[in-house]
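Everything below concerns the one structure shown next.
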Amino acid sequence: NPDHVEECLAFAVTVARQAGSVIREAFYGRGASSVPQAKDGNPSDLVTVADQQVEALVFALIRARYPSHQLIGEESTQGKKWQLTKTPTWIVDPIDGTSNFAHGFPFVAISLALAIDEQLVLGVVYNPILDQLYTARTGHGAWLNETTRLPLPSARASAPLPPVSECLVAFEYGSDRSVKVLNSKLSTLHRLLAPRIGDTAVSGAQVHGVRSLGSGALNMCLVAQGALDAYWEIGSHLWDIAAGAVIVREAGGLVVDGQGLYQNQRGQNEWTPAFDHLARKYLAIRPARENAGPVGANQPSSKHQMALTLLAYIEDVPVTRDGE
Ligand code: IPD
């Protein structure tokens, strides 16, 4: 029921702000709670005491308010088998951008999403260091600091998307640094950055630039805002991107899976956690005015075309699924 979702969103905002105070204090305090430890012996996958404290706080707040709801959180669920059910489920990343947090690089966020009946219905991403709060509720738009609608007013977001060569694209290196994965990602980067040779033989896209903020959730928010044209990643967990996906979609952007397919099991044109809970490869495309001409529900629009064009540059990376 929509009233319930509205109430859940208001609650999620208070939780994000409360958790944000803890994150901010630890970020500036630089005490023991911000010291990174390697997760499962992987020095590129970091966790701090603050991640665990914030997740415990968020879980306790949600349990007290909605005892029947289920909880999925990076620190409690990673490595375990889980699955969305019909029960309302909160998807929590207590600190997205843990390595940024540990280094004092201010792109750090708490990410909260709620799925009801296996569909994402709200997303909240809060960067307590820059005090930027991104919120969205399905069907009700996406907002920055609750007052400014996304995308931010700019000629770019109200114009059709530019050619790929004029795009600013984000991606993340991720925590899997195996030679195989790294080579795949670097060869994609090479293809995106390298010059285009000739008209047809495409050796490179020569995009304007590639960025890597260190937080999947914040990359998504910058796509929603219109500051990035696209963001792709391979091997993200649901908690990195679930809230961001709602925010991108509600801002008028597109989130697709790695096949360039937009159909979930219910025939809807969107990526949903129910069928791809660990995104092997996905892309978010920023809001833009669609190309003129009839565009049917399943017909490519300019955002779909952009997604397909970019996907052609992105090499697949083998990812393992947690707990499977
Ligand atoms: C990580 C960040 C990073 C991405 C990793 C994520 P965490 O989340 O989103 O940008 O490359 O794949 O795991 O661990 O900081 O919450």
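In the structure tokens, the first chain shown is A, the next is B, and so on; residue numbers restart at 1 for each chain, and ligands run from 1 in the order shown.
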Shell of 9 Å around ligand 1 (only C-alpha atoms and all ligand atoms), written as an MDAnalysis selection string: chainID A and resid 45:47 51 74:75 93:101 108:111 171:176 212:219 233:237 239:241
Put those residues in a file: N, CA and C atoms, as a short mmCIF file (atom, residue, chain, number, x, y, z; two decimals), in the first residue's frame.
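Result file follows (out29.cif):
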data_model
loop_
_atom_site.label_atom_id
_atom_site.label_comp_id
_atom_site.auth_asym_id
_atom_site.auth_seq_id
_atom_site.Cartn_x
_atom_site.Cartn_y
_atom_site.Cartn_z
N ASP A 45 39.11 -6.10 -0.38
CA ASP A 45 37.72 -6.10 0.09
C ASP A 45 37.76 -5.76 1.58
N LEU A 46 37.45 -4.52 1.89
CA LEU A 46 37.70 -4.03 3.25
C LEU A 46 36.44 -3.94 4.09
N VAL A 47 36.66 -4.07 5.37
CA VAL A 47 35.57 -3.87 6.33
C VAL A 47 36.17 -3.15 7.53
N ASP A 51 31.57 -0.24 9.84
CA ASP A 51 30.60 -0.91 8.96
C ASP A 51 29.68 -1.80 9.80
N GLU A 74 25.06 -6.04 3.97
CA GLU A 74 26.37 -6.47 3.47
C GLU A 74 27.14 -7.25 4.52
N GLU A 75 27.17 -6.73 5.74
CA GLU A 75 28.05 -7.35 6.74
C GLU A 75 27.47 -8.64 7.30
N ASP A 93 23.36 -1.44 2.79
CA ASP A 93 24.83 -1.34 2.78
C ASP A 93 25.18 -0.25 3.78
N PRO A 94 25.73 -0.63 4.94
CA PRO A 94 25.94 0.37 5.99
C PRO A 94 26.93 1.45 5.57
N ILE A 95 28.02 1.03 4.92
CA ILE A 95 28.97 2.02 4.38
C ILE A 95 29.36 1.55 2.99
N ASP A 96 28.82 2.19 1.99
CA ASP A 96 29.24 1.88 0.63
C ASP A 96 30.40 2.81 0.33
N GLY A 97 31.53 2.23 -0.01
CA GLY A 97 32.74 3.02 -0.16
C GLY A 97 33.59 2.87 1.09
N THR A 98 33.72 1.64 1.55
CA THR A 98 34.49 1.41 2.78
C THR A 98 35.95 1.84 2.62
N SER A 99 36.53 1.60 1.44
CA SER A 99 37.94 2.00 1.30
C SER A 99 38.05 3.53 1.30
N ASN A 100 37.07 4.22 0.72
CA ASN A 100 37.06 5.69 0.83
C ASN A 100 36.99 6.11 2.28
N PHE A 101 36.09 5.47 3.00
CA PHE A 101 35.90 5.77 4.42
C PHE A 101 37.22 5.59 5.18
N VAL A 108 31.35 8.46 0.54
CA VAL A 108 30.98 7.39 1.45
C VAL A 108 29.47 7.53 1.64
N ALA A 109 28.76 6.42 1.64
CA ALA A 109 27.31 6.55 1.79
C ALA A 109 26.71 5.36 2.48
N ILE A 110 25.60 5.61 3.14
CA ILE A 110 24.77 4.50 3.59
C ILE A 110 23.68 4.32 2.52
N SER A 111 23.41 3.07 2.21
CA SER A 111 22.43 2.78 1.16
C SER A 111 21.34 1.87 1.72
N PHE A 171 32.89 3.59 -13.65
CA PHE A 171 32.96 2.15 -13.40
C PHE A 171 33.79 1.98 -12.13
N GLU A 172 33.78 0.78 -11.57
CA GLU A 172 34.59 0.52 -10.37
C GLU A 172 35.51 -0.67 -10.62
N TYR A 173 36.68 -0.61 -10.04
CA TYR A 173 37.63 -1.71 -10.19
C TYR A 173 37.16 -2.95 -9.42
N GLY A 174 36.41 -2.73 -8.32
CA GLY A 174 35.87 -3.86 -7.56
C GLY A 174 36.93 -4.53 -6.70
N SER A 175 36.50 -5.54 -5.97
CA SER A 175 37.42 -6.16 -5.01
C SER A 175 38.07 -7.44 -5.55
N ASP A 176 37.60 -7.93 -6.68
CA ASP A 176 38.20 -9.14 -7.26
C ASP A 176 39.36 -8.70 -8.16
N SER A 212 35.88 6.87 -11.36
CA SER A 212 35.70 5.78 -10.42
C SER A 212 35.66 6.37 -9.02
N LEU A 213 34.46 6.54 -8.50
CA LEU A 213 34.30 7.23 -7.21
C LEU A 213 34.59 6.36 -6.00
N GLY A 214 34.52 5.04 -6.20
CA GLY A 214 34.74 4.14 -5.07
C GLY A 214 33.48 3.82 -4.30
N SER A 215 32.34 4.24 -4.81
CA SER A 215 31.06 3.88 -4.19
C SER A 215 30.05 3.65 -5.30
N GLY A 216 29.63 2.40 -5.42
CA GLY A 216 28.63 2.08 -6.44
C GLY A 216 27.36 2.89 -6.24
N ALA A 217 26.93 3.01 -4.98
CA ALA A 217 25.68 3.73 -4.69
C ALA A 217 25.78 5.18 -5.13
N LEU A 218 26.93 5.80 -4.87
CA LEU A 218 27.06 7.22 -5.24
C LEU A 218 27.24 7.40 -6.74
N ASN A 219 27.90 6.44 -7.39
CA ASN A 219 27.95 6.51 -8.86
C ASN A 219 26.53 6.53 -9.42
N GLU A 233 29.11 -1.76 -14.01
CA GLU A 233 29.93 -2.56 -13.11
C GLU A 233 29.59 -4.03 -13.30
N ILE A 234 30.54 -4.85 -12.92
CA ILE A 234 30.36 -6.29 -13.02
C ILE A 234 30.57 -6.87 -11.64
N GLY A 235 29.67 -7.69 -11.20
CA GLY A 235 29.88 -8.41 -9.93
C GLY A 235 29.46 -7.63 -8.70
N SER A 236 28.62 -6.62 -8.87
CA SER A 236 28.13 -5.89 -7.69
C SER A 236 27.16 -6.74 -6.90
N HIS A 237 27.07 -6.42 -5.65
CA HIS A 237 26.04 -7.06 -4.83
C HIS A 237 24.81 -6.18 -4.85
N TRP A 239 23.17 -4.99 -2.47
CA TRP A 239 23.18 -3.85 -1.53
C TRP A 239 23.98 -2.66 -2.06
N ASP A 240 24.89 -2.89 -3.02
CA ASP A 240 25.63 -1.76 -3.59
C ASP A 240 24.72 -0.89 -4.46
N ILE A 241 23.74 -1.50 -5.08
CA ILE A 241 23.06 -0.78 -6.16
C ILE A 241 21.54 -0.74 -6.08
#
Close residues, Ala224 of chain A itself excluded, 7 Å, only C-alpha atoms, min 3 positions apart in chain, as a VMD selection string: chain A and resid 150 to 151 220 to 221 247 to 248 251 253 286 to 287
Quick one: everything within 10 Å of Thr77 of chain A, counting only C-alpha atoms, minus sequence neighbours fewer than 2 positions away in the same chain. Send it as number ranges by chain. A: 71-75, 79-82, 91-92, 239, 322-323
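Closest to Arg149 of chain A among A:Ile197, A:Tyr126, A:Glu250, A:Ala64 is A:Glu250, based on only C-alpha atoms.
Of the residues under consideration (A:Leu193, A:Ala32, A:Val58, A:Ala16), A:Leu193 shows the shortest atom-to-atom contact distance to Cys167 of chain A when counting only C-alpha atoms.
Ranking A:Gln52, A:Gln119, A:Ser154, A:Gln225 by their shortest atom-to-atom distance to Arg137 of chain A, with only C-alpha atoms included, puts A:Gln119 first.
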From segment 125-173 of chain A, collect each residue whose DSSP state is helix (DSSP H, G or I) and return the set as a compact mmCIF listing (two decimals) with C-alpha atoms, in the first residue's frame.
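Saved as states.txt:
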# COMPACT_ATOMS: atom_id res chain seq x y z
CA ALA A 155 20.58 21.32 -20.48
CA ARG A 156 22.29 17.93 -20.61
CA ALA A 157 19.54 16.01 -18.89
CA SER A 158 16.82 17.61 -20.98
CA VAL A 164 29.24 7.54 -26.70
CA SER A 165 32.41 9.46 -27.60
CA GLU A 166 31.05 12.46 -25.68
